[in-house]
Amino acid sequence: MAPKADSVEGTILGYINEQNRPLNVQMVADALQKNGIKKTAVQKVMDTLAANGKISFKDYGKQRVCMADQTQFEIPDIDELDAMKKQNDQLLADVAAVRSRVSELESGLKSAETNLTLDAVVKKTKELGSEVETMETKVQALREGSVLVTPEERLEVQAAYDLKLGVWRKRKKIYHELWGMITESMTENLKDLKVINSKSTNSHWTVASVPELLCFCCRTF
């Protein structure tokens with residue numbers, strides 16, 4: 001008499017038949033641990049099933065494994081195996097097609113996530129429209145010959161320029177005075193000395209700052 005499917009014995013036998021591969025007690029106990037079946041119960045039930053001819057045991061060295069009773073399974077003939085192979089190939093092709101479609105959908109989803117939402121597009125459009133209006137106003141003012149820089153603003157810029165120009169001329173004068181003092185008793189070609197250094201003036205020479213000149217001259221003398 002076959003054990004009830006909802007009993008411990010029925011659960012263990014059902015698992016062994018479902019797997020239909022070599023299993024040992026530990027493998028069955030690990031798989032059925034979620035059903036609350038412990039290893040000692042598995043060992044006892046498997047021994048009973050083997051005694052009743054429901055499963056068979058084989059020893060491989062110190063390892064003992066069980067197999068489901070193969071007489072209960074229908075063995076397909078050649079035609080059935082061919083049909084099953086074709087069905088399997090078709091299923092594999094279907095799986096590949098589904099995976100390809102899933103990949104396309106995932107790519108589309110990522111692209112959609114990186115794009116702006118409708119609200120963001122509307123907001124960005126308004127911002128750009130406002131910028132265009134501002135630029136159009138400036139362009140129209142230029143077309144009409146409007147004065148974009150007032151005399152006061154021009155005087156302010158000129159004053160800042162004159163101030164910086166005066167500072168530059170003062171620094172240039174100090175530089176030339178120091179240059180004359182430093183090179184007064186030098187025998188080297190002054191052109192070569194100027195070209196060696198790296199600061200720019202308004203002439204075609206490239207000259208150094210005062211500290212750099214002092215360091216160079218100290219090395220020369």
# chains A, B, ... in the order shown; residues from 1 in each chain; ligands from 1
>>> select_by_dssp(residues="range 55-87 of chain A", states="strand (DSSP E)", output="list in words")
Ile55, Ser56, Phe57, Lys58, Asp59, Tyr60, Gln63, Arg64, Val65, Cys66, Met67 and Ala68 of chain A
>>> write_last_selection(atoms="N, CA, C and O atoms", output="CSV table (one decimal), in the first residue's frame")
chain,number,residue,atom,x,y,z
A,55,ILE,N,12.2,2.0,-2.7
A,55,ILE,CA,13.4,2.6,-3.1
A,55,ILE,C,14.5,1.5,-3.0
A,55,ILE,O,14.2,0.4,-2.4
A,56,SER,N,15.7,1.7,-3.5
A,56,SER,CA,16.8,0.8,-3.4
A,56,SER,C,18.0,1.5,-2.9
A,56,SER,O,18.2,2.7,-3.3
A,57,PHE,N,18.9,0.8,-2.1
A,57,PHE,CA,20.1,1.4,-1.7
A,57,PHE,C,21.3,0.7,-2.4
A,57,PHE,O,21.3,-0.4,-2.7
A,58,LYS,N,22.3,1.6,-2.6
A,58,LYS,CA,23.6,1.1,-3.2
A,58,LYS,C,24.7,1.7,-2.4
A,58,LYS,O,24.7,2.9,-2.0
A,59,ASP,N,25.7,0.9,-2.1
A,59,ASP,CA,26.9,1.4,-1.4
A,59,ASP,C,28.0,1.7,-2.3
A,59,ASP,O,28.4,0.9,-3.2
A,60,TYR,N,28.6,2.9,-2.2
A,60,TYR,CA,29.7,3.3,-2.9
A,60,TYR,C,30.8,3.7,-1.9
A,60,TYR,O,30.9,4.8,-1.5
A,63,GLN,N,30.0,5.6,1.3
A,63,GLN,CA,28.8,6.4,1.0
A,63,GLN,C,27.7,5.5,0.5
A,63,GLN,O,27.8,4.6,-0.3
A,64,ARG,N,26.5,5.7,1.2
A,64,ARG,CA,25.3,4.9,0.8
A,64,ARG,C,24.3,5.8,0.2
A,64,ARG,O,23.9,6.8,0.9
A,65,VAL,N,23.8,5.5,-1.0
A,65,VAL,CA,22.8,6.3,-1.7
A,65,VAL,C,21.6,5.5,-2.0
A,65,VAL,O,21.7,4.3,-2.1
A,66,CYS,N,20.5,6.2,-2.2
A,66,CYS,CA,19.3,5.5,-2.6
A,66,CYS,C,18.8,6.0,-3.9
A,66,CYS,O,19.2,7.1,-4.4
A,67,MET,N,18.0,5.1,-4.6
A,67,MET,CA,17.5,5.5,-5.9
A,67,MET,C,16.0,5.1,-5.9
A,67,MET,O,15.6,4.2,-5.2
A,68,ALA,N,15.2,5.9,-6.6
A,68,ALA,CA,13.8,5.6,-6.7
A,68,ALA,C,13.6,4.3,-7.5
A,68,ALA,O,14.4,3.9,-8.3
>>> residues_around(residues="Thr11 in chain A", least_positions_apart="2", cutoff="12 Å", atoms="only C-alpha atoms", output="PDB file with N, CA, C and O atoms, in the first residue's frame")
ATOM      1  N   ALA A   2       0.596   2.136  -0.894  1.00  0.00           N
ATOM      2  CA  ALA A   2       1.400   3.349  -1.002  1.00  0.00           C
ATOM      3  C   ALA A   2       1.132   4.269   0.181  1.00  0.00           C
ATOM      4  O   ALA A   2      -0.004   4.386   0.635  1.00  0.00           O
ATOM      5  N   PRO A   3       2.169   4.930   0.704  1.00  0.00           N
ATOM      6  CA  PRO A   3       1.980   5.840   1.829  1.00  0.00           C
ATOM      7  C   PRO A   3       1.208   7.079   1.389  1.00  0.00           C
ATOM      8  O   PRO A   3       1.198   7.461   0.212  1.00  0.00           O
ATOM      9  N   LYS A   4       0.504   7.692   2.354  1.00  0.00           N
ATOM     10  CA  LYS A   4      -0.244   8.902   2.054  1.00  0.00           C
ATOM     11  C   LYS A   4       0.724  10.038   1.711  1.00  0.00           C
ATOM     12  O   LYS A   4       1.790  10.172   2.305  1.00  0.00           O
ATOM     13  N   ALA A   5       0.312  10.859   0.731  1.00  0.00           N
ATOM     14  CA  ALA A   5       1.199  11.918   0.248  1.00  0.00           C
ATOM     15  C   ALA A   5       1.495  12.959   1.316  1.00  0.00           C
ATOM     16  O   ALA A   5       2.563  13.562   1.330  1.00  0.00           O
ATOM     17  N   ASP A   6       0.523  13.183   2.250  1.00  0.00           N
ATOM     18  CA  ASP A   6       0.713  14.210   3.260  1.00  0.00           C
ATOM     19  C   ASP A   6       1.395  13.694   4.516  1.00  0.00           C
ATOM     20  O   ASP A   6       1.616  14.427   5.463  1.00  0.00           O
ATOM     21  N   SER A   7       1.753  12.401   4.527  1.00  0.00           N
ATOM     22  CA  SER A   7       2.456  11.844   5.675  1.00  0.00           C
ATOM     23  C   SER A   7       3.950  12.050   5.511  1.00  0.00           C
ATOM     24  O   SER A   7       4.430  12.416   4.431  1.00  0.00           O
ATOM     25  N   VAL A   8       4.717  11.817   6.587  1.00  0.00           N
ATOM     26  CA  VAL A   8       6.181  11.954   6.520  1.00  0.00           C
ATOM     27  C   VAL A   8       6.741  10.983   5.493  1.00  0.00           C
ATOM     28  O   VAL A   8       7.591  11.341   4.661  1.00  0.00           O
ATOM     29  N   GLU A   9       6.252   9.768   5.525  1.00  0.00           N
ATOM     30  CA  GLU A   9       6.737   8.762   4.583  1.00  0.00           C
ATOM     31  C   GLU A   9       6.382   9.147   3.150  1.00  0.00           C
ATOM     32  O   GLU A   9       7.196   9.016   2.232  1.00  0.00           O
ATOM     33  N   LEU A  13       9.083   9.893   0.184  1.00  0.00           N
ATOM     34  CA  LEU A  13       9.017   9.094  -1.043  1.00  0.00           C
ATOM     35  C   LEU A  13       8.723   9.981  -2.250  1.00  0.00           C
ATOM     36  O   LEU A  13       9.301   9.791  -3.335  1.00  0.00           O
ATOM     37  N   GLY A  14       7.831  10.936  -2.084  1.00  0.00           N
ATOM     38  CA  GLY A  14       7.522  11.845  -3.187  1.00  0.00           C
ATOM     39  C   GLY A  14       8.733  12.651  -3.621  1.00  0.00           C
ATOM     40  O   GLY A  14       8.963  12.853  -4.822  1.00  0.00           O
ATOM     41  N   TYR A  15       9.524  13.081  -2.659  1.00  0.00           N
ATOM     42  CA  TYR A  15      10.726  13.846  -3.000  1.00  0.00           C
ATOM     43  C   TYR A  15      11.734  12.981  -3.744  1.00  0.00           C
ATOM     44  O   TYR A  15      12.316  13.417  -4.745  1.00  0.00           O
ATOM     45  N   ILE A  16      11.941  11.765  -3.271  1.00  0.00           N
ATOM     46  CA  ILE A  16      12.909  10.867  -3.925  1.00  0.00           C
ATOM     47  C   ILE A  16      12.459  10.555  -5.350  1.00  0.00           C
ATOM     48  O   ILE A  16      13.256  10.559  -6.298  1.00  0.00           O
ATOM     49  N   ASN A  17      11.161  10.266  -5.529  1.00  0.00           N
ATOM     50  CA  ASN A  17      10.655   9.985  -6.876  1.00  0.00           C
ATOM     51  C   ASN A  17      10.746  11.209  -7.786  1.00  0.00           C
ATOM     52  O   ASN A  17      11.034  11.104  -8.983  1.00  0.00           O
ATOM     53  N   GLU A  18      10.487  12.366  -7.201  1.00  0.00           N
ATOM     54  CA  GLU A  18      10.540  13.593  -8.001  1.00  0.00           C
ATOM     55  C   GLU A  18      11.960  13.884  -8.470  1.00  0.00           C
ATOM     56  O   GLU A  18      12.182  14.257  -9.635  1.00  0.00           O
ATOM     57  N   VAL A  28      18.532  14.328   1.514  1.00  0.00           N
ATOM     58  CA  VAL A  28      17.077  14.315   1.679  1.00  0.00           C
ATOM     59  C   VAL A  28      16.684  15.121   2.909  1.00  0.00           C
ATOM     60  O   VAL A  28      15.712  15.893   2.883  1.00  0.00           O
ATOM     61  N   ALA A  29      17.438  14.972   4.002  1.00  0.00           N
ATOM     62  CA  ALA A  29      17.128  15.702   5.238  1.00  0.00           C
ATOM     63  C   ALA A  29      17.278  17.206   5.036  1.00  0.00           C
ATOM     64  O   ALA A  29      16.450  17.995   5.514  1.00  0.00           O
ATOM     65  N   ALA A  31      16.932  18.852   2.204  1.00  0.00           N
ATOM     66  CA  ALA A  31      15.869  19.339   1.324  1.00  0.00           C
ATOM     67  C   ALA A  31      14.527  19.422   2.037  1.00  0.00           C
ATOM     68  O   ALA A  31      13.717  20.311   1.746  1.00  0.00           O
ATOM     69  N   LEU A  32      14.272  18.500   2.970  1.00  0.00           N
ATOM     70  CA  LEU A  32      12.962  18.446   3.636  1.00  0.00           C
ATOM     71  C   LEU A  32      12.966  19.082   5.020  1.00  0.00           C
ATOM     72  O   LEU A  32      12.001  18.951   5.767  1.00  0.00           O
ATOM     73  N   GLN A  33      14.058  19.781   5.320  1.00  0.00           N
ATOM     74  CA  GLN A  33      14.130  20.455   6.618  1.00  0.00           C
ATOM     75  C   GLN A  33      13.030  21.506   6.748  1.00  0.00           C
ATOM     76  O   GLN A  33      12.491  21.738   7.822  1.00  0.00           O
ATOM     77  N   LYS A  34      12.670  22.135   5.621  1.00  0.00           N
ATOM     78  CA  LYS A  34      11.603  23.142   5.632  1.00  0.00           C
ATOM     79  C   LYS A  34      10.255  22.530   5.991  1.00  0.00           C
ATOM     80  O   LYS A  34       9.330  23.247   6.394  1.00  0.00           O
ATOM     81  N   ASN A  35      10.109  21.199   5.835  1.00  0.00           N
ATOM     82  CA  ASN A  35       8.869  20.520   6.195  1.00  0.00           C
ATOM     83  C   ASN A  35       8.883  20.035   7.644  1.00  0.00           C
ATOM     84  O   ASN A  35       7.946  19.362   8.080  1.00  0.00           O
ATOM     85  N   GLY A  36       9.954  20.358   8.357  1.00  0.00           N
ATOM     86  CA  GLY A  36      10.050  19.950   9.756  1.00  0.00           C
ATOM     87  C   GLY A  36      10.449  18.499   9.947  1.00  0.00           C
ATOM     88  O   GLY A  36      10.208  17.915  11.006  1.00  0.00           O
ATOM     89  N   ILE A  37      11.031  17.882   8.927  1.00  0.00           N
ATOM     90  CA  ILE A  37      11.452  16.475   9.020  1.00  0.00           C
ATOM     91  C   ILE A  37      12.935  16.433   9.336  1.00  0.00           C
ATOM     92  O   ILE A  37      13.749  16.980   8.601  1.00  0.00           O
ATOM     93  N   ALA A  41      14.426  10.909  11.377  1.00  0.00           N
ATOM     94  CA  ALA A  41      13.171  10.436  10.786  1.00  0.00           C
ATOM     95  C   ALA A  41      13.377  10.045   9.330  1.00  0.00           C
ATOM     96  O   ALA A  41      12.811   9.047   8.852  1.00  0.00           O
ATOM     97  N   VAL A  42      14.207  10.808   8.621  1.00  0.00           N
ATOM     98  CA  VAL A  42      14.500  10.494   7.221  1.00  0.00           C
ATOM     99  C   VAL A  42      15.171   9.135   7.119  1.00  0.00           C
ATOM    100  O   VAL A  42      14.822   8.309   6.269  1.00  0.00           O
ATOM    101  N   VAL A  45      12.589   6.332   7.821  1.00  0.00           N
ATOM    102  CA  VAL A  45      11.616   6.169   6.734  1.00  0.00           C
ATOM    103  C   VAL A  45      12.277   5.567   5.511  1.00  0.00           C
ATOM    104  O   VAL A  45      11.696   4.685   4.840  1.00  0.00           O
ATOM    105  N   MET A  46      13.486   5.995   5.196  1.00  0.00           N
ATOM    106  CA  MET A  46      14.176   5.463   4.017  1.00  0.00           C
ATOM    107  C   MET A  46      14.483   3.980   4.182  1.00  0.00           C
ATOM    108  O   MET A  46      14.400   3.198   3.225  1.00  0.00           O
ATOM    109  N   LEU A  49      11.180   2.278   3.499  1.00  0.00           N
ATOM    110  CA  LEU A  49      10.877   2.293   2.074  1.00  0.00           C
ATOM    111  C   LEU A  49      11.725   1.279   1.312  1.00  0.00           C
ATOM    112  O   LEU A  49      11.236   0.600   0.393  1.00  0.00           O
TER     113      LEU A  49
END
>>> atom_distance(atom1="CA of Glu80 in chain A", atom2="CA of Ala97 in chain A")
25.6 Å
>>> select_by_dssp(residues="range 59-202 of chain A", states="helix (DSSP H, G or I)", output="PyMOL selection string")
chain A and resi 70-72+78-114+118-143+151-183+190-196
>>> atom_distance(atom1="CA of Val122 in chain A", atom2="CA of Gln140 in chain A")
26.6 Å
>>> decode(residues="range 73-90 of chain A", atoms="N, CA and C atoms", output="PDB file, in the first residue's frame")
ATOM      1  N   PHE A  73       8.397   4.140 -13.472  1.00  0.00           N
ATOM      2  CA  PHE A  73       8.477   5.190 -14.482  1.00  0.00           C
ATOM      3  C   PHE A  73       8.326   4.593 -15.878  1.00  0.00           C
ATOM      4  N   GLU A  74       7.595   5.282 -16.723  1.00  0.00           N
ATOM      5  CA  GLU A  74       7.454   4.864 -18.107  1.00  0.00           C
ATOM      6  C   GLU A  74       8.680   5.304 -18.905  1.00  0.00           C
ATOM      7  N   ILE A  75       9.261   4.380 -19.633  1.00  0.00           N
ATOM      8  CA  ILE A  75      10.443   4.683 -20.433  1.00  0.00           C
ATOM      9  C   ILE A  75       9.995   5.037 -21.850  1.00  0.00           C
ATOM     10  N   PRO A  76      10.248   6.243 -22.320  1.00  0.00           N
ATOM     11  CA  PRO A  76       9.785   6.641 -23.655  1.00  0.00           C
ATOM     12  C   PRO A  76      10.576   5.908 -24.739  1.00  0.00           C
ATOM     13  N   ASP A  77       9.903   5.683 -25.877  1.00  0.00           N
ATOM     14  CA  ASP A  77      10.592   5.057 -27.002  1.00  0.00           C
ATOM     15  C   ASP A  77      11.313   6.128 -27.816  1.00  0.00           C
ATOM     16  N   ILE A  78      11.923   5.729 -28.942  1.00  0.00           N
ATOM     17  CA  ILE A  78      12.730   6.639 -29.744  1.00  0.00           C
ATOM     18  C   ILE A  78      11.899   7.805 -30.275  1.00  0.00           C
ATOM     19  N   ASP A  79      10.705   7.507 -30.761  1.00  0.00           N
ATOM     20  CA  ASP A  79       9.862   8.568 -31.305  1.00  0.00           C
ATOM     21  C   ASP A  79       9.475   9.587 -30.237  1.00  0.00           C
ATOM     22  N   GLU A  80       9.148   9.092 -29.058  1.00  0.00           N
ATOM     23  CA  GLU A  80       8.789   9.989 -27.964  1.00  0.00           C
ATOM     24  C   GLU A  80       9.987  10.855 -27.547  1.00  0.00           C
ATOM     25  N   LEU A  81      11.181  10.229 -27.545  1.00  0.00           N
ATOM     26  CA  LEU A  81      12.381  11.002 -27.197  1.00  0.00           C
ATOM     27  C   LEU A  81      12.652  12.098 -28.226  1.00  0.00           C
ATOM     28  N   ASP A  82      12.451  11.781 -29.510  1.00  0.00           N
ATOM     29  CA  ASP A  82      12.643  12.787 -30.555  1.00  0.00           C
ATOM     30  C   ASP A  82      11.641  13.934 -30.397  1.00  0.00           C
ATOM     31  N   ALA A  83      10.384  13.564 -30.107  1.00  0.00           N
ATOM     32  CA  ALA A  83       9.359  14.585 -29.919  1.00  0.00           C
ATOM     33  C   ALA A  83       9.683  15.467 -28.710  1.00  0.00           C
ATOM     34  N   MET A  84      10.171  14.833 -27.648  1.00  0.00           N
ATOM     35  CA  MET A  84      10.534  15.588 -26.451  1.00  0.00           C
ATOM     36  C   MET A  84      11.727  16.505 -26.725  1.00  0.00           C
ATOM     37  N   LYS A  85      12.674  16.022 -27.536  1.00  0.00           N
ATOM     38  CA  LYS A  85      13.834  16.851 -27.884  1.00  0.00           C
ATOM     39  C   LYS A  85      13.403  18.071 -28.694  1.00  0.00           C
ATOM     40  N   LYS A  86      12.515  17.864 -29.665  1.00  0.00           N
ATOM     41  CA  LYS A  86      12.023  18.977 -30.464  1.00  0.00           C
ATOM     42  C   LYS A  86      11.269  19.984 -29.599  1.00  0.00           C
ATOM     43  N   GLN A  87      10.463  19.438 -28.705  1.00  0.00           N
ATOM     44  CA  GLN A  87       9.732  20.326 -27.798  1.00  0.00           C
ATOM     45  C   GLN A  87      10.694  21.124 -26.921  1.00  0.00           C
ATOM     46  N   ASN A  88      11.745  20.460 -26.452  1.00  0.00           N
ATOM     47  CA  ASN A  88      12.739  21.129 -25.623  1.00  0.00           C
ATOM     48  C   ASN A  88      13.460  22.225 -26.410  1.00  0.00           C
ATOM     49  N   ASP A  89      13.812  21.925 -27.675  1.00  0.00           N
ATOM     50  CA  ASP A  89      14.470  22.934 -28.513  1.00  0.00           C
ATOM     51  C   ASP A  89      13.555  24.139 -28.731  1.00  0.00           C
ATOM     52  N   GLN A  90      12.265  23.873 -28.951  1.00  0.00           N
ATOM     53  CA  GLN A  90      11.321  24.970 -29.152  1.00  0.00           C
ATOM     54  C   GLN A  90      11.179  25.822 -27.900  1.00  0.00           C
TER      55      GLN A  90
END
